[in-house]
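Data file: start02.txt. Format and content: compact mmCIF, C-alpha atoms.
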# COMPACT_ATOMS: atom_id res chain seq x y z
CA MET B 1 -29.25 -2.17 11.77
CA MET B 2 -29.55 -5.00 14.26
CA LYS B 3 -26.43 -5.53 16.31
CA GLY B 4 -24.52 -8.48 14.91
CA GLU B 5 -26.03 -8.21 11.44
CA TYR B 6 -22.56 -7.57 10.08
CA GLY B 7 -19.25 -8.69 11.52
CA HIS B 8 -17.73 -6.40 14.13
CA HIS B 9 -14.52 -8.45 14.21
CA THR B 10 -13.80 -9.05 10.55
CA CYS B 11 -10.37 -7.45 10.90
CA THR B 12 -9.07 -10.09 13.30
CA SER B 13 -6.71 -12.83 12.19
CA GLY B 14 -7.98 -14.51 9.04
CA GLY B 15 -11.03 -12.28 8.61
CA LEU B 16 -9.19 -9.30 7.20
CA LEU B 17 -7.50 -11.35 4.50
CA LYS B 18 -10.93 -12.28 3.14
CA ILE B 19 -12.17 -8.71 2.73
CA LEU B 20 -9.17 -6.36 2.43
CA CYS B 21 -8.74 -4.99 -1.07
CA MET B 22 -8.85 -1.74 -2.94
CA GLN B 23 -12.27 -1.00 -4.41
CA GLY B 24 -12.51 -2.68 -7.79
CA GLY B 25 -14.22 -1.66 -11.01
CA ASP B 26 -13.77 1.59 -12.89
CA ASP B 27 -16.38 3.95 -11.43
CA ASP B 28 -15.76 7.20 -9.52
CA GLY B 29 -15.23 5.34 -6.24
CA SER B 30 -12.81 2.74 -7.63
CA TYR B 31 -9.13 2.53 -6.80
CA ALA B 32 -8.33 2.76 -10.50
CA ARG B 33 -9.88 6.26 -10.53
CA ASN B 34 -8.43 7.35 -7.15
CA SER B 35 -4.78 6.35 -7.19
CA GLU B 36 -3.21 9.73 -7.89
CA ALA B 37 -1.06 9.69 -4.74
CA PRO B 38 0.32 6.18 -5.38
CA ALA B 39 1.06 7.20 -8.97
CA SER B 40 2.97 10.24 -7.71
CA ALA B 41 4.93 8.06 -5.28
CA ILE B 42 5.80 5.59 -8.04
CA SER B 43 6.95 8.44 -10.28
CA LEU B 44 9.09 9.78 -7.44
CA SER B 45 10.70 6.39 -6.83
CA LYS B 46 11.21 5.51 -10.50
CA PRO B 47 14.88 6.67 -10.65
CA ILE B 48 15.72 4.45 -7.66
CA LEU B 49 14.00 1.45 -9.24
CA LEU B 50 15.83 2.02 -12.54
CA LYS B 51 19.17 2.35 -10.80
CA GLY B 52 18.50 -0.87 -8.91
CA ILE B 53 17.69 -2.76 -12.10
CA GLU B 54 20.72 -1.33 -13.86
CA SER B 55 23.00 -2.38 -10.98
CA MET B 56 21.77 -6.00 -10.98
CA LYS B 57 24.10 -8.70 -12.25
CA LEU B 58 22.56 -10.29 -15.32
CA PHE B 59 21.68 -13.94 -15.01
CA ASP B 60 24.03 -15.90 -17.27
CA GLY B 61 22.02 -19.07 -17.54
CA ASP B 62 20.40 -20.74 -20.51
CA VAL B 63 19.36 -18.16 -23.12
CA ASN B 64 15.96 -19.82 -23.07
CA GLU B 65 15.53 -19.09 -19.36
CA CYS B 66 12.50 -16.97 -18.49
CA LEU B 67 12.95 -14.01 -16.15
CA ARG B 68 10.17 -13.80 -13.57
CA ILE B 69 8.82 -10.60 -12.04
CA ALA B 70 6.17 -10.18 -9.34
CA ASP B 71 4.12 -7.20 -8.22
CA LEU B 72 3.06 -7.97 -4.65
CA GLY B 73 -0.10 -6.10 -3.70
CA CYS B 74 -0.88 -5.16 -7.30
CA ALA B 75 -4.48 -3.89 -6.76
CA THR B 76 -5.94 -2.69 -10.10
CA GLY B 77 -5.35 0.00 -12.68
CA TYR B 78 -2.54 1.68 -14.52
CA ASN B 79 0.15 1.77 -11.80
CA THR B 80 0.90 -1.93 -11.68
CA LEU B 81 0.92 -2.36 -15.48
CA ALA B 82 3.19 0.64 -16.02
CA THR B 83 5.64 -0.59 -13.38
CA ILE B 84 5.88 -4.09 -14.81
CA ASP B 85 6.39 -2.59 -18.27
CA LEU B 86 9.19 -0.40 -16.93
CA ILE B 87 10.98 -3.36 -15.32
CA VAL B 88 10.64 -5.55 -18.41
CA ASP B 89 11.76 -2.82 -20.81
CA THR B 90 14.79 -1.92 -18.69
CA LEU B 91 15.93 -5.53 -18.33
CA MET B 92 15.25 -6.25 -22.00
CA LYS B 93 17.44 -3.32 -23.03
CA ARG B 94 20.29 -4.50 -20.82
CA TYR B 95 20.18 -8.07 -22.15
CA LYS B 96 20.12 -6.88 -25.75
CA GLU B 97 23.05 -4.51 -25.21
CA GLU B 98 25.15 -6.65 -22.87
CA ARG B 99 24.26 -10.24 -23.86
CA ASN B 100 22.94 -9.79 -27.40
CA TYR B 101 19.70 -11.69 -26.88
CA GLU B 102 16.17 -11.08 -25.62
CA PRO B 103 15.00 -13.27 -22.76
CA GLU B 104 11.37 -14.13 -22.21
CA PHE B 105 9.54 -12.63 -19.25
CA GLU B 106 6.78 -13.81 -16.99
CA ALA B 107 4.96 -11.32 -14.74
CA PHE B 108 2.94 -12.34 -11.71
CA PHE B 109 0.27 -9.99 -10.41
CA SER B 110 -0.39 -10.91 -6.80
CA ASP B 111 -2.91 -9.64 -4.29
CA LEU B 112 -5.43 -10.99 -1.81
CA PRO B 113 -8.22 -13.19 -3.26
CA SER B 114 -10.69 -10.36 -2.67
CA ASN B 115 -8.84 -8.16 -5.19
CA ASP B 116 -10.67 -7.39 -8.43
CA PHE B 117 -8.43 -9.42 -10.73
CA ASN B 118 -11.10 -9.31 -13.45
CA SER B 119 -10.81 -5.52 -13.72
CA LEU B 120 -7.04 -5.76 -13.63
CA PHE B 121 -6.80 -8.16 -16.54
CA LYS B 122 -9.51 -6.38 -18.51
CA SER B 123 -7.38 -3.24 -18.29
CA PHE B 124 -4.56 -5.05 -20.14
CA GLN B 125 -6.25 -4.44 -23.47
CA GLN B 126 -6.80 -0.74 -22.87
CA PHE B 127 -3.24 -0.36 -21.63
CA ASN B 128 -1.87 -2.18 -24.66
CA ASP B 129 -4.01 -0.14 -27.07
CA ASN B 130 -2.43 3.02 -25.70
CA ASN B 131 1.10 1.65 -25.68
CA LYS B 132 3.18 -0.97 -27.44
CA LYS B 133 2.43 -4.67 -27.46
CA ARG B 134 2.84 -6.43 -24.14
CA ARG B 135 6.21 -8.21 -23.95
CA TYR B 136 5.61 -10.71 -21.18
CA TYR B 137 3.41 -13.62 -20.18
CA SER B 138 1.18 -12.89 -17.21
CA ALA B 139 -0.59 -14.68 -14.39
CA GLY B 140 -2.57 -13.75 -11.31
CA VAL B 141 -1.46 -15.09 -7.93
CA PRO B 142 -4.06 -14.70 -5.18
CA GLY B 143 -2.74 -14.79 -1.63
CA SER B 144 -1.22 -12.75 1.18
CA PHE B 145 2.33 -11.48 0.70
CA TYR B 146 2.84 -12.14 4.40
CA HIS B 147 2.99 -15.82 3.41
CA ARG B 148 4.91 -17.74 0.76
CA LEU B 149 3.49 -17.25 -2.73
CA PHE B 150 6.17 -18.84 -4.95
CA PRO B 151 8.64 -21.75 -4.90
CA ARG B 152 12.17 -21.17 -3.64
CA ARG B 153 14.45 -19.15 -5.92
CA LYS B 154 11.62 -18.44 -8.35
CA LEU B 155 11.69 -14.64 -8.74
CA HIS B 156 14.29 -12.38 -10.32
CA VAL B 157 12.52 -9.11 -9.41
CA ALA B 158 9.89 -8.61 -6.72
CA ALA B 159 8.22 -5.23 -6.25
CA SER B 160 5.63 -4.07 -3.75
CA LEU B 161 4.13 -0.66 -4.45
CA SER B 162 1.99 1.25 -1.95
CA ALA B 163 0.82 -1.93 -0.24
CA LEU B 164 3.05 -2.92 2.69
CA HIS B 165 1.62 -0.32 5.07
CA TRP B 166 -1.53 -2.51 5.17
CA LEU B 167 -1.28 -4.94 8.07
CA SER B 168 -2.28 -8.60 8.07
CA LYS B 169 -4.73 -8.00 10.92
CA ILE B 170 -5.88 -5.58 13.57
CA PRO B 171 -4.04 -6.52 16.79
CA ASP B 172 -6.34 -8.54 19.05
CA SER B 173 -5.71 -6.23 22.00
CA VAL B 174 -7.07 -3.24 20.04
CA LEU B 175 -10.44 -5.01 19.83
CA ASP B 176 -10.47 -6.01 23.51
CA LYS B 177 -12.55 -3.65 25.66
CA LYS B 178 -10.55 -4.60 28.77
CA SER B 179 -7.20 -3.91 27.12
CA GLU B 180 -5.14 -0.73 27.39
CA ALA B 181 -5.03 -0.89 23.60
CA TRP B 182 -8.82 -0.57 23.20
CA ASN B 183 -9.08 2.17 20.56
CA LYS B 184 -12.32 3.77 21.72
CA GLY B 185 -13.72 6.56 19.54
CA LYS B 186 -11.01 6.44 16.88
CA ALA B 187 -10.82 4.67 13.55
CA TRP B 188 -7.03 4.82 13.29
CA ILE B 189 -3.92 5.28 15.42
CA ASP B 190 -2.59 8.73 14.58
CA GLY B 191 -2.71 10.55 17.92
CA ALA B 192 -4.02 7.45 19.70
CA LYS B 193 -2.99 6.43 23.21
CA LYS B 194 0.26 4.59 23.88
CA GLY B 195 -1.19 1.08 24.19
CA VAL B 196 -2.90 1.29 20.80
CA VAL B 197 0.21 2.55 19.03
CA GLU B 198 2.43 -0.09 20.65
CA ALA B 199 0.04 -2.87 19.57
CA TYR B 200 0.08 -1.64 15.97
CA SER B 201 3.86 -1.21 16.03
CA LYS B 202 4.37 -4.78 17.24
CA GLN B 203 2.01 -6.19 14.59
CA SER B 204 3.73 -4.12 11.93
CA MET B 205 7.16 -5.50 12.81
CA GLU B 206 5.87 -9.08 12.83
CA ASP B 207 4.29 -8.55 9.42
CA LEU B 208 7.31 -6.93 7.79
CA GLU B 209 9.65 -9.62 9.08
CA ALA B 210 7.29 -12.30 7.73
CA PHE B 211 7.20 -10.53 4.35
CA LEU B 212 11.00 -10.35 4.14
CA GLN B 213 11.52 -13.94 5.21
CA CYS B 214 9.16 -15.12 2.47
CA ARG B 215 10.90 -13.01 -0.17
CA ARG B 216 14.30 -14.24 1.00
CA GLU B 217 13.16 -17.75 0.08
CA GLU B 218 11.51 -16.80 -3.22
CA ILE B 219 14.03 -14.40 -4.79
CA VAL B 220 17.06 -15.84 -6.57
CA GLU B 221 20.56 -14.85 -5.50
CA GLY B 222 21.31 -11.55 -7.22
CA GLY B 223 17.61 -10.76 -7.62
CA LEU B 224 16.05 -7.43 -6.74
CA LEU B 225 13.52 -6.52 -4.05
CA PHE B 226 11.94 -3.09 -4.49
CA ILE B 227 9.53 -1.67 -1.89
CA LEU B 228 7.51 1.53 -1.92
CA MET B 229 5.22 2.03 1.07
CA ALA B 230 3.70 4.75 3.18
CA GLY B 231 6.01 5.60 6.05
CA ARG B 232 7.64 8.19 8.24
CA PRO B 233 11.18 9.37 9.01
CA GLY B 234 13.18 7.70 11.75
CA SER B 235 13.01 10.78 13.96
CA GLN B 236 9.18 10.79 14.02
CA GLN B 237 7.44 8.94 16.84
CA PRO B 238 4.85 6.27 15.91
CA GLU B 239 1.92 8.08 17.54
CA ASN B 240 2.56 10.79 14.95
CA GLN B 241 1.97 8.79 11.80
CA LEU B 242 1.63 11.72 9.42
CA GLY B 243 4.10 14.45 10.38
CA ASP B 244 2.96 18.08 10.28
CA SER B 245 -0.31 19.29 11.80
CA ASP B 246 -1.96 20.13 8.45
CA SER B 247 -1.31 16.65 7.07
CA ARG B 248 -2.63 15.07 10.25
CA ALA B 249 -5.80 17.17 10.14
CA LYS B 250 -6.50 16.72 6.43
CA HIS B 251 -5.64 13.04 5.96
CA PRO B 252 -8.74 11.00 5.02
CA PHE B 253 -8.17 8.55 7.90
CA THR B 254 -8.24 11.16 10.69
CA ASN B 255 -10.63 14.00 11.56
CA SER B 256 -13.35 13.67 8.92
CA MET B 257 -13.35 9.89 9.35
CA ASP B 258 -13.84 10.01 13.13
CA GLN B 259 -16.44 12.78 12.80
CA ALA B 260 -18.43 10.75 10.27
CA TRP B 261 -18.54 7.73 12.57
CA GLU B 262 -19.62 10.02 15.41
CA ASP B 263 -22.39 11.39 13.19
CA LEU B 264 -23.77 7.90 12.61
CA LEU B 265 -23.65 7.24 16.35
CA LYS B 266 -25.44 10.46 17.30
CA GLU B 267 -28.12 9.81 14.68
CA GLY B 268 -28.80 6.41 16.21
CA LEU B 269 -27.75 4.50 13.10
CA ILE B 270 -25.04 2.55 14.92
CA ASP B 271 -24.12 1.79 18.52
CA GLU B 272 -20.85 2.58 20.30
CA GLU B 273 -19.49 -0.93 19.93
CA THR B 274 -19.93 -0.76 16.16
CA ARG B 275 -17.98 2.49 16.03
CA ASP B 276 -15.27 1.41 18.47
CA THR B 277 -14.59 -1.94 16.80
CA PHE B 278 -13.84 -0.39 13.41
CA ASN B 279 -10.11 0.16 12.98
CA ILE B 280 -8.11 0.88 9.85
CA PRO B 281 -5.35 -1.75 9.45
CA THR B 282 -2.51 0.52 8.34
CA TYR B 283 0.75 1.53 10.00
CA MET B 284 3.34 3.98 8.71
CA ARG B 285 6.69 2.41 9.57
CA SER B 286 9.77 4.51 10.17
CA THR B 287 13.02 4.10 8.25
CA ASP B 288 14.55 2.76 11.48
CA GLU B 289 11.85 0.11 11.84
CA VAL B 290 12.33 -0.98 8.22
CA PHE B 291 16.10 -1.24 8.65
CA THR B 292 15.64 -3.28 11.84
CA ALA B 293 13.39 -5.78 10.02
CA PHE B 294 15.95 -6.20 7.21
CA ARG B 295 18.73 -6.68 9.77
CA ARG B 296 16.80 -9.37 11.61
CA CYS B 297 15.88 -11.16 8.39
CA GLY B 298 19.29 -11.12 6.72
CA GLY B 299 19.90 -12.21 3.16
CA PHE B 300 19.62 -8.77 1.54
CA GLU B 301 22.05 -6.03 0.62
CA ILE B 302 20.26 -2.70 0.93
CA GLN B 303 21.24 -0.33 -1.83
CA ARG B 304 18.83 2.47 -0.94
CA LEU B 305 16.57 3.09 2.04
CA GLU B 306 15.08 6.55 2.22
CA TYR B 307 12.10 8.64 3.21
CA GLN B 308 10.45 11.19 0.92
CA ARG B 309 7.24 13.20 0.87
CA ILE B 310 4.66 13.67 -1.85
CA VAL B 311 1.94 16.29 -1.97
CA GLU B 312 -1.74 15.33 -1.87
CA HIS B 313 -2.69 17.18 -5.05
CA SER B 314 -0.96 19.20 -7.73
CA LYS B 315 -1.07 22.97 -7.27
CA GLU B 316 -3.49 23.28 -10.19
CA LYS B 317 -5.89 20.71 -8.77
CA GLN B 318 -5.67 22.29 -5.32
CA GLU B 319 -6.73 25.64 -6.79
CA GLU B 320 -9.65 24.00 -8.63
CA LEU B 321 -10.88 22.32 -5.44
CA ILE B 322 -10.66 25.55 -3.43
CA LYS B 323 -13.09 27.11 -5.91
CA ASP B 324 -15.48 24.16 -5.59
CA PRO B 325 -15.69 22.81 -2.01
CA LYS B 326 -18.41 20.31 -2.94
CA SER B 327 -16.08 18.80 -5.52
CA TYR B 328 -13.40 18.50 -2.86
CA GLY B 329 -15.85 16.67 -0.61
CA ARG B 330 -16.58 14.17 -3.39
CA VAL B 331 -12.88 13.70 -4.08
CA LYS B 332 -12.16 12.95 -0.44
CA ALA B 333 -15.15 10.62 -0.04
CA ASN B 334 -14.19 8.74 -3.21
CA LEU B 335 -10.64 8.34 -1.94
CA VAL B 336 -12.01 6.71 1.21
CA ARG B 337 -14.33 4.54 -0.87
CA ALA B 338 -11.42 3.42 -3.04
CA THR B 339 -9.29 2.31 -0.11
CA LEU B 340 -11.76 1.29 2.60
CA LYS B 341 -15.16 0.46 1.09
CA PRO B 342 -14.81 -3.36 1.28
CA ILE B 343 -13.76 -3.17 4.94
CA VAL B 344 -16.47 -0.70 5.90
CA GLU B 345 -19.16 -2.71 4.10
CA SER B 346 -18.08 -5.86 5.89
CA HIS B 347 -18.42 -4.02 9.19
CA ILE B 348 -21.74 -2.17 8.80
CA GLY B 349 -23.19 -3.29 5.46
CA PRO B 350 -23.60 -1.48 2.11
CA LYS B 351 -26.42 0.87 3.13
CA LEU B 352 -24.75 2.28 6.23
CA SER B 353 -21.40 2.38 4.45
CA GLU B 354 -22.86 4.78 1.92
CA GLU B 355 -24.25 6.87 4.78
CA LEU B 356 -20.74 7.06 6.26
CA PHE B 357 -19.20 8.14 2.96
CA LYS B 358 -21.89 10.81 2.51
CA ARG B 359 -21.04 12.26 5.91
CA ILE B 360 -17.34 12.27 5.10
CA GLU B 361 -18.19 14.16 1.90
CA LYS B 362 -20.39 16.63 3.80
CA ARG B 363 -17.78 17.22 6.51
CA ALA B 364 -15.02 17.80 3.97
CA SER B 365 -17.16 20.12 1.82
CA GLU B 366 -18.13 22.30 4.76
CA ASP B 367 -14.63 22.68 6.22
CA THR B 368 -13.47 25.34 3.77
CA ALA B 369 -10.49 26.32 5.95
CA MET B 370 -9.08 22.82 5.42
CA LEU B 371 -9.12 23.34 1.66
CA HIS B 372 -6.32 25.87 1.96
CA LYS B 373 -4.10 23.47 3.87
CA THR B 374 -1.70 21.07 2.19
CA CYS B 375 -1.56 17.37 3.05
CA PHE B 376 1.68 15.51 2.49
CA TYR B 377 2.04 11.74 2.32
CA GLY B 378 5.28 10.23 3.55
CA VAL B 379 6.76 7.26 1.67
CA ILE B 380 9.66 4.91 2.26
CA ILE B 381 11.60 3.54 -0.69
CA VAL B 382 13.79 0.44 -0.38
CA CYS B 383 15.95 -1.17 -3.03
CA ALA B 384 17.74 -4.36 -1.97
CA ILE B 385 19.64 -7.22 -3.64
CA ARG B 386 19.26 -10.84 -2.53
CA ILE B 387 22.70 -12.06 -1.43
CA LYS B 388 24.09 -15.46 -0.55
CA ASN B 389 25.50 -14.35 2.76
CA ASP B 390 22.67 -13.92 5.27
CA ASN B 391 24.42 -11.04 7.02
CA LEU B 392 22.79 -7.73 6.14
CA LYS B 393 24.86 -5.23 4.22
CA LEU B 394 24.00 -1.56 3.87
CA ILE B 395 25.33 0.34 0.85
CA SER B 396 23.79 3.76 1.43
CA GLU B 397 22.64 4.97 4.82
CA SER B 398 18.94 5.47 5.43
CA SER B 399 17.78 9.03 4.86
CA ASP B 400 15.18 10.92 6.88

Could you render the structure from this file as structure tokens?
Amino acid sequence: MMKGEYGHHTCTSGGLLKILCMQGGDDDGSYARNSEAPASAISLSKPILLKGIESMKLFDGDVNECLRIADLGCATGYNTLATIDLIVDTLMKRYKEERNYEPEFEAFFSDLPSNDFNSLFKSFQQFNDNNKKRRYYSAGVPGSFYHRLFPRRKLHVAASLSALHWLSKIPDSVLDKKSEAWNKGKAWIDGAKKGVVEAYSKQSMEDLEAFLQCRREEIVEGGLLFILMAGRPGSQQPENQLGDSDSRAKHPFTNSMDQAWEDLLKEGLIDEETRDTFNIPTYMRSTDEVFTAFRRCGGFEIQRLEYQRIVEHSKEKQEELIKDPKSYGRVKANLVRATLKPIVESHIGPKLSEELFKRIEKRASEDTAMLHKTCFYGVIIVCAIRIKNDNLKLISESSD
């Protein structure tokens, strides 16, 4: 590949928003086929979401008023449709029992313009065939949730599921060779040097505050904001994004990722600049960082803010993969494809991207000792009510 054939700086301001998305379609490398961990996280957080909906004050306006729900960072597949259905069904039940009427619902599915909205809306039919008839009107809303997406006081429920750990951009200093934040030889920040981690942490706080300020404008008084995102406990330092040593070693963004990039470099398929300018735009915030952003923003009453862990695979699937290391390699490579393929392709092109994924698969298949280790993903769950008073209130203390 000739240097400059693809963009080395596509993850800077503006560029990332044009390419960041989960891999669309429905093949083995699609997000729809590789979203087991997000599904587990949603299942884990479901009781908190239900309790939040059940604690909301019902909106006593015109019986003809439409209740509006948004999934911010919807991606594609079953998870977003099941969550919207859950919210609609729970609110519908409350209105029927407590107000004796059924309001209409409108659901907005929002993600960046690069998201595969076609696959998302095609999946409506399959989802409806397997379940009851859809009970809401729907629309797609392309755009970044770090900016305003709706008019003021438009939404009654806003949810963001497994999306807010993606940043709006790679910090400029991380891509500057002369900077202390130059992230040489690494694709991500877990275990990175202090300057890199601080740059990501600053960008993360700016992004989360922007997200909350936008939602403060868009959500009606008494409306619900529900967030599920990758994160870490308050006691865990930012350079340790993943917690225990096994999780850090086995996570798809760490060892096998860096080794695969190094393989391409040693084989002469890429140069050092190409490797060093690829950075994954994710940051696992702590519960303390999330609380700080809410406090600075104001306008929300936090009902729940807690950290929990989910396991990478079920015990049964783990045992299956141990018996078939090559299958594990494919699973891991497909997970990387599902989450990073559009970014990687933008950086080095389709042909070299596939070479990278093949090396990730090979590395994972050959490291049989890693198969016996367990990777945990940390998640932060937030349930908050939009209040008139802009002073933050905390109902239940954050949990590590």

Exercise for the section: For each of B:Val290, B:Ile84, B:Ala107, B:Ala70, take the minimum atom-to-atom distance to B:Lys46, counting only C-alpha atoms, then give the residue where this is smallest. Expected result: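 Comparing B:Val290, B:Ile84, B:Ala107, B:Ala70 against B:Lys46, the winner is B:Ile84.
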
Handout entry: For B:Ile189, the nearest of the candidates B:Phe253, B:Tyr328, B:Tyr95, B:Phe109, counting all atoms listed in the file
Key =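 Selected residue with least distance to B:Ile189: B:Phe253.
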
Practice task
Give the answer as one residue: which of B:Ala75, B:Leu86, B:Leu340, B:Leu224 has the shortest atom-to-atom distance to B:Phe117, using all atoms listed in the file?
Solution key: B:Ala75

Problem - Selected residue of minimal separation from B:Leu212 among B:Gly140, B:Gly298, B:Gly185, B:Pro103, counting all atoms listed in the file - result: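 Selected residue with least distance to B:Leu212: B:Gly298.
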
Practice task
Could you give me, as a PyMOL selection string, the residues within 12 Å of B:Glu361, counting all atoms listed in the file and dropping anything in the same chain fewer than 3 positions from it?
Solution key: chain B and resi 252+256-257+259-260+325-337+354-358+364-367

Practice task
Can you work out the spacing between atom CA of B:Gln236 and atom CA of B:Tyr200 in Å, to one decimal?
Solution key: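 Rounded to one decimal, the two atoms are 15.5 Å apart.
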
Exercise for the section: Find the residue from B:Leu155, B:Ile69, B:Ile360, B:Ala293 that sits nearest to B:Ser138; use only C-alpha atoms when measuring. Expected result: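 For B:Ser138, the nearest of the candidates is B:Ile69.
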
Exercise for the section: Tell me which protein, DNA and RNA residues are within 10 Å of B:Thr374, counting only C-alpha atoms, leaving out same-chain ones fewer than 2 positions away, and put them as a VMD selection string. Expected result: chain B and resid 244 to 247 249 to 251 311 to 313 315 318 370 to 372 376

Problem - Between atom CA of B:Gly223 and atom CA of B:Phe300 - distance in Å to one decimal - result: 9.6 Å

Exercise for the section: Could you tell me which of B:Gly268, B:Ser286, B:Ala199, B:Gly52 comes closest to B:Leu175 if we count only C-alpha atoms? Expected result: B:Ala199

Practice task
Do a neighbour search on B:Asp89 at 12 Å with only C-alpha atoms, toss out local chain neighbours closer than 2 positions, and write the hits as a PyMOL selection string.
Solution key: chain B and resi 50+53-54+82-87+91-96+102-105+132-136

Practice task
Calculate how many Å separate atom CA of B:Glu209 from atom CA of B:Pro113, rounding to one decimal.
Solution key: 22.0 Å

Problem - Spatial sel., origin (-1.2, -12.0, -0.2), limit 7 Å, only C-alpha atoms, listed as a list in words - result: Gly73, Ser110, Asp111, Leu112, Pro142, Gly143, Ser144, Phe145, Tyr146 and His147 of chain B

Problem - Contacts of B:Glu272 at 10 Å (all atoms listed in the file; same-chain gap of 6+ positions) as a list in words - result: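 Non-adjacent residues within range: Lys184, Gly185, Trp261, Glu262, Leu264, Leu265 and Lys266 of chain B.
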
Practice task
Would you list the contacts of B:Leu161 as JSON, numbers by chain, taking every protein, DNA or RNA residue within 7 Å and counting all atoms listed in the file, but skipping same-chain residues closer than 5 positions in sequence?
Solution key: {"B": [73, 227, 228, 229]}
